[in-house]
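Peer 1: Would you mind keeping the following structure in view while I ask a few things?
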Amino acid sequence: MTNVAVIGSQWGDEGKGKIVDWLSERADLVVRFQGGHNAGHTLVIDGISYKLSLLPSGVVRKGKLAVIGNGVVIDPHALMAEIERLDNQGVVVTPENLRIAENATLILSVHQELDGIREDAAAVGTKIGTTRRGIGPAYEDKVGRRAIRVLDLANLESIAPKIERLLTHHNALRRGLGQPEVHFDTIYKELEAVADRMVPFSEPVWKLLDDEKRKGSRILFEGAQGTLLDIDHGTYPFVTSSNTVAGQAAAGSGMGPGSVGYVLGITKAYTTRVGEGPFPTEQDNEIGQFLGEKGHEFGTVTGRKRRCGWFDAVLVKQAVATNGITGIALTKLDVLDGLDEIKICVGYKLDGETVDYLPASQGRQGRVEPIYETLEGWKGTTVGARTWKELPAEAVKYVRHVEELIGCPVALLSTSPERDDTILVHDPFQD
């Protein structure tokens, strides 16, 4: 048995929730290692939908330990609200099945306010498309060594200097942006209101995971967003504020890189993204509308409509390299049912030359033009298929061609939102 890291190989929204839930039956622990509540997973289990933003997907499975790692930034109020929502659906979350890294950074109201203030102040064409949840400002404070962390909630009597340090920075920014200052009592009361509920979940997660590793427990690492939103490897500056690639599974959990034995890249059979930024294969036409409506392409957290386009093999091949992806889980193949023809981007034209990767420069990214191959579509259905024999021949040809173009095999194939509508080619835990 090996430990598995699940990451998104595109711009997020690839269907990680279902795959993580499907894999969680084989795991003992599910660890969330980066991001915040600006992304979400929708799990459909026995016809019931569970919408998660901060909680690892394994929390809805009995007998599984869910862990929020140090690489995550946590809005304590949002977390408690999410726990209450699950409780109303019959899923009880306690310190018995959820642990939170004591050294994880907290998102406070001052972060959310700054997120919105700066986005509103940005000039047209420079807006990032932030969800205004405070994720970026919280990561900034973490790197700036002025963050309030989960462990600080257990020592409110000595937290005053930390709040003052935080507000020295934020109030200077707010004055410069023409906003009123935040008072000490505002932050203190905010922390005081959640301390008693948060502290029981807190512990040195790195030690917990090391102990579990030594016992031979199977660990599933769960990321948020996707590779192309990575702060280093994504379409900068239209990215998130953390590393979303597989290497972060180690740093964001407190385990060494050797703890990840298999990297599963969740890959949608077409391409979507939310927010601003380049999107070479975007179809702002009837094809994009078809994909969006049939694929129910609306954000789990924000409800924002996703931009849709053809599968981009160039970008996914790049993600395979930057993540060290071992195999992919190809999702939403059923959305392509009924199309007469299907296009796949196999390269780019850039300033008169052909390139086989997406450049890092924002200007060059905006100028790339996709080079397409056209494949025959299929009239049969792939919905609910659980064996290769149930798939139309043209659908199998499409999947095989994707494997060839990205240089990576398909380990799982998803044919509907239901967890059991999955064709298993290779069990990642058996690698």
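Ordered as shown in the structure tokens, chains take letters A, B, and onward, while each chain numbers its residues from 1 and ligands are numbered from 1 in the order shown.
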Excluding same-chain residues fewer than 6 positions from Gly144 in chain A, what lies within 12 Å of it counting only C-alpha atoms, as a list in words?
Peer 2: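 These residues fall inside the cut-off: Thr105, Pro137, Ala138, Arg165, Leu166, His169 and His170 of chain A.
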Peer 1: Out of range 44-150 of chain A, which residues get strand (DSSP E) from DSSP, as a VMD selection string?
Peer 2: chain A and resid 44 to 45 48 to 52 65 to 68 73 to 74 98 to 101 105 to 106
Peer 1: I'd like to know which of A:Pro56, A:Leu114, A:Gly134, A:Ser217 is closest to Gly176 in chain A, using only C-alpha atoms.
Peer 2: A:Leu114
Peer 1: Interatomic distance between CA of Ser259 in chain A and CA of Asp210 in chain A?
Peer 2: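 Computed distance, CA of Ser259 in chain A to CA of Asp210 in chain A, equals 9.4 Å.
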Peer 1: Need to verify the contact set: Glu113 in chain A, 12 Å, only C-alpha atoms, exclusion of same-chain residues closer than 2 positions in sequence. Can you return it as a list in words?
Peer 2: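 Listed by chain and then number, they are Ile107, Leu108, Ser109, Val110, His111, Asp115, Gly116, Ile117, Arg118, Glu119, Asp120, Thr131, Arg132, Arg133, Gly134, Ile135, Gly136, Pro137, Ala138, His170, Asn171, Leu173, Arg174, Leu177, Gln179, Pro180, Glu181 and Val182 of chain A.
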Peer 1: So, counting only C-alpha atoms, which residue among A:Ile371, A:Leu52, A:Tyr270, A:Lys64 is closest to Glu84 in chain A?
Peer 2: A:Leu52
Peer 1: What residues in range 110-193 of chain A get the DSSP label alpha helix (DSSP H)? Please answer as a PyMOL selection string.
Peer 2: chain A and resi 110-121+135-143+160-176+184-193
Peer 1: Compare A:Val73, A:Ala321, A:Val316, A:Ala154 by their minimum atom-to-atom distance to Glu192 in chain A, counting only C-alpha atoms, and give me the closest one.
Peer 2: A:Ala154
Peer 1: Excluding range 20-34 of chain A and its own-chain neighbours fewer than 2 positions away, which residues fall within 7 Å of it when counting only C-alpha atoms? Please give them as a PyMOL selection string.
Peer 2: chain A and resi 16-18+36+56-58+64-72+217-224+242+244+248-249+252-253+419
Peer 1: Export, as a CSV table (one decimal), in the first residue's frame, the selected residues with N, CA and C atoms.
Peer 2:
```csv
chain,number,residue,atom,x,y,z
A,16,LYS,N,-12.7,16.7,-8.0
A,16,LYS,CA,-11.9,16.1,-7.0
A,16,LYS,C,-12.7,15.5,-5.8
A,17,GLY,N,-13.8,16.1,-5.5
A,17,GLY,CA,-14.6,15.7,-4.3
A,17,GLY,C,-15.0,14.3,-4.5
A,18,LYS,N,-15.6,13.9,-5.6
A,18,LYS,CA,-16.1,12.6,-5.9
A,18,LYS,C,-14.9,11.6,-5.8
A,36,GLY,N,-8.0,27.5,1.2
A,36,GLY,CA,-8.9,27.9,2.3
A,36,GLY,C,-10.3,27.6,1.9
A,56,PRO,N,-11.9,18.2,5.0
A,56,PRO,CA,-11.5,17.1,4.0
A,56,PRO,C,-12.7,16.3,3.7
A,57,SER,N,-12.7,15.8,2.4
A,57,SER,CA,-13.9,15.0,2.0
A,57,SER,C,-14.1,13.7,2.8
A,58,GLY,N,-13.1,13.2,3.4
A,58,GLY,CA,-13.2,11.9,4.1
A,58,GLY,C,-14.1,12.1,5.4
A,64,LYS,N,-13.1,7.2,9.3
A,64,LYS,CA,-12.0,7.9,8.7
A,64,LYS,C,-11.6,9.1,9.5
A,65,LEU,N,-10.3,9.3,9.6
A,65,LEU,CA,-9.9,10.5,10.3
A,65,LEU,C,-9.6,11.6,9.3
A,66,ALA,N,-10.2,12.8,9.5
A,66,ALA,CA,-10.0,13.9,8.6
A,66,ALA,C,-9.0,14.9,9.3
A,67,VAL,N,-8.1,15.4,8.5
A,67,VAL,CA,-7.0,16.2,9.0
A,67,VAL,C,-6.9,17.5,8.2
A,68,ILE,N,-6.9,18.7,8.9
A,68,ILE,CA,-6.6,19.9,8.2
A,68,ILE,C,-5.1,20.3,8.5
A,69,GLY,N,-4.3,20.3,7.5
A,69,GLY,CA,-2.9,20.5,7.7
A,69,GLY,C,-2.5,22.0,7.9
A,70,ASN,N,-1.2,22.2,8.2
A,70,ASN,CA,-0.7,23.5,8.4
A,70,ASN,C,-0.6,24.4,7.2
A,71,GLY,N,-0.7,23.8,6.0
A,71,GLY,CA,-0.7,24.6,4.8
A,71,GLY,C,-2.1,25.3,4.4
A,72,VAL,N,-3.1,24.9,5.2
A,72,VAL,CA,-4.4,25.5,5.0
A,72,VAL,C,-4.6,26.8,5.8
A,217,SER,N,-0.6,3.1,8.3
A,217,SER,CA,-1.9,3.7,7.9
A,217,SER,C,-1.8,4.2,6.5
A,218,ARG,N,-2.9,4.1,5.7
A,218,ARG,CA,-2.9,4.6,4.4
A,218,ARG,C,-3.5,6.1,4.4
A,219,ILE,N,-2.7,7.0,3.8
A,219,ILE,CA,-3.0,8.4,3.9
A,219,ILE,C,-3.3,9.0,2.5
A,220,LEU,N,-4.4,9.7,2.5
A,220,LEU,CA,-4.9,10.3,1.2
A,220,LEU,C,-4.7,11.8,1.4
A,221,PHE,N,-3.9,12.5,0.6
A,221,PHE,CA,-3.7,13.9,0.6
A,221,PHE,C,-4.6,14.6,-0.4
A,222,GLU,N,-5.4,15.6,0.1
A,222,GLU,CA,-6.4,16.2,-0.7
A,222,GLU,C,-6.0,17.7,-0.9
A,223,GLY,N,-5.9,18.1,-2.2
A,223,GLY,CA,-5.6,19.5,-2.5
A,223,GLY,C,-6.9,20.2,-2.9
A,224,ALA,N,-6.8,21.5,-3.0
A,224,ALA,CA,-7.9,22.4,-3.5
A,224,ALA,C,-7.4,23.1,-4.7
A,242,SER,N,-1.6,30.1,-2.8
A,242,SER,CA,-0.8,29.0,-2.3
A,242,SER,C,-0.3,28.1,-3.4
A,244,THR,N,-0.5,24.8,-5.2
A,244,THR,CA,-1.6,23.8,-5.4
A,244,THR,C,-1.0,22.5,-5.9
A,248,GLN,N,3.3,20.3,-2.5
A,248,GLN,CA,2.8,21.0,-1.3
A,248,GLN,C,2.1,20.0,-0.3
A,249,ALA,N,1.8,18.8,-0.8
A,249,ALA,CA,1.2,17.8,0.1
A,249,ALA,C,2.2,17.5,1.3
A,252,GLY,N,2.6,21.1,3.3
A,252,GLY,CA,1.4,21.5,3.9
A,252,GLY,C,0.8,20.6,4.9
A,253,SER,N,1.5,19.5,5.2
A,253,SER,CA,1.0,18.5,6.2
A,253,SER,C,2.1,18.2,7.2
A,419,ARG,N,-20.6,8.2,-7.0
A,419,ARG,CA,-19.3,7.7,-6.7
A,419,ARG,C,-19.1,6.3,-7.4
```
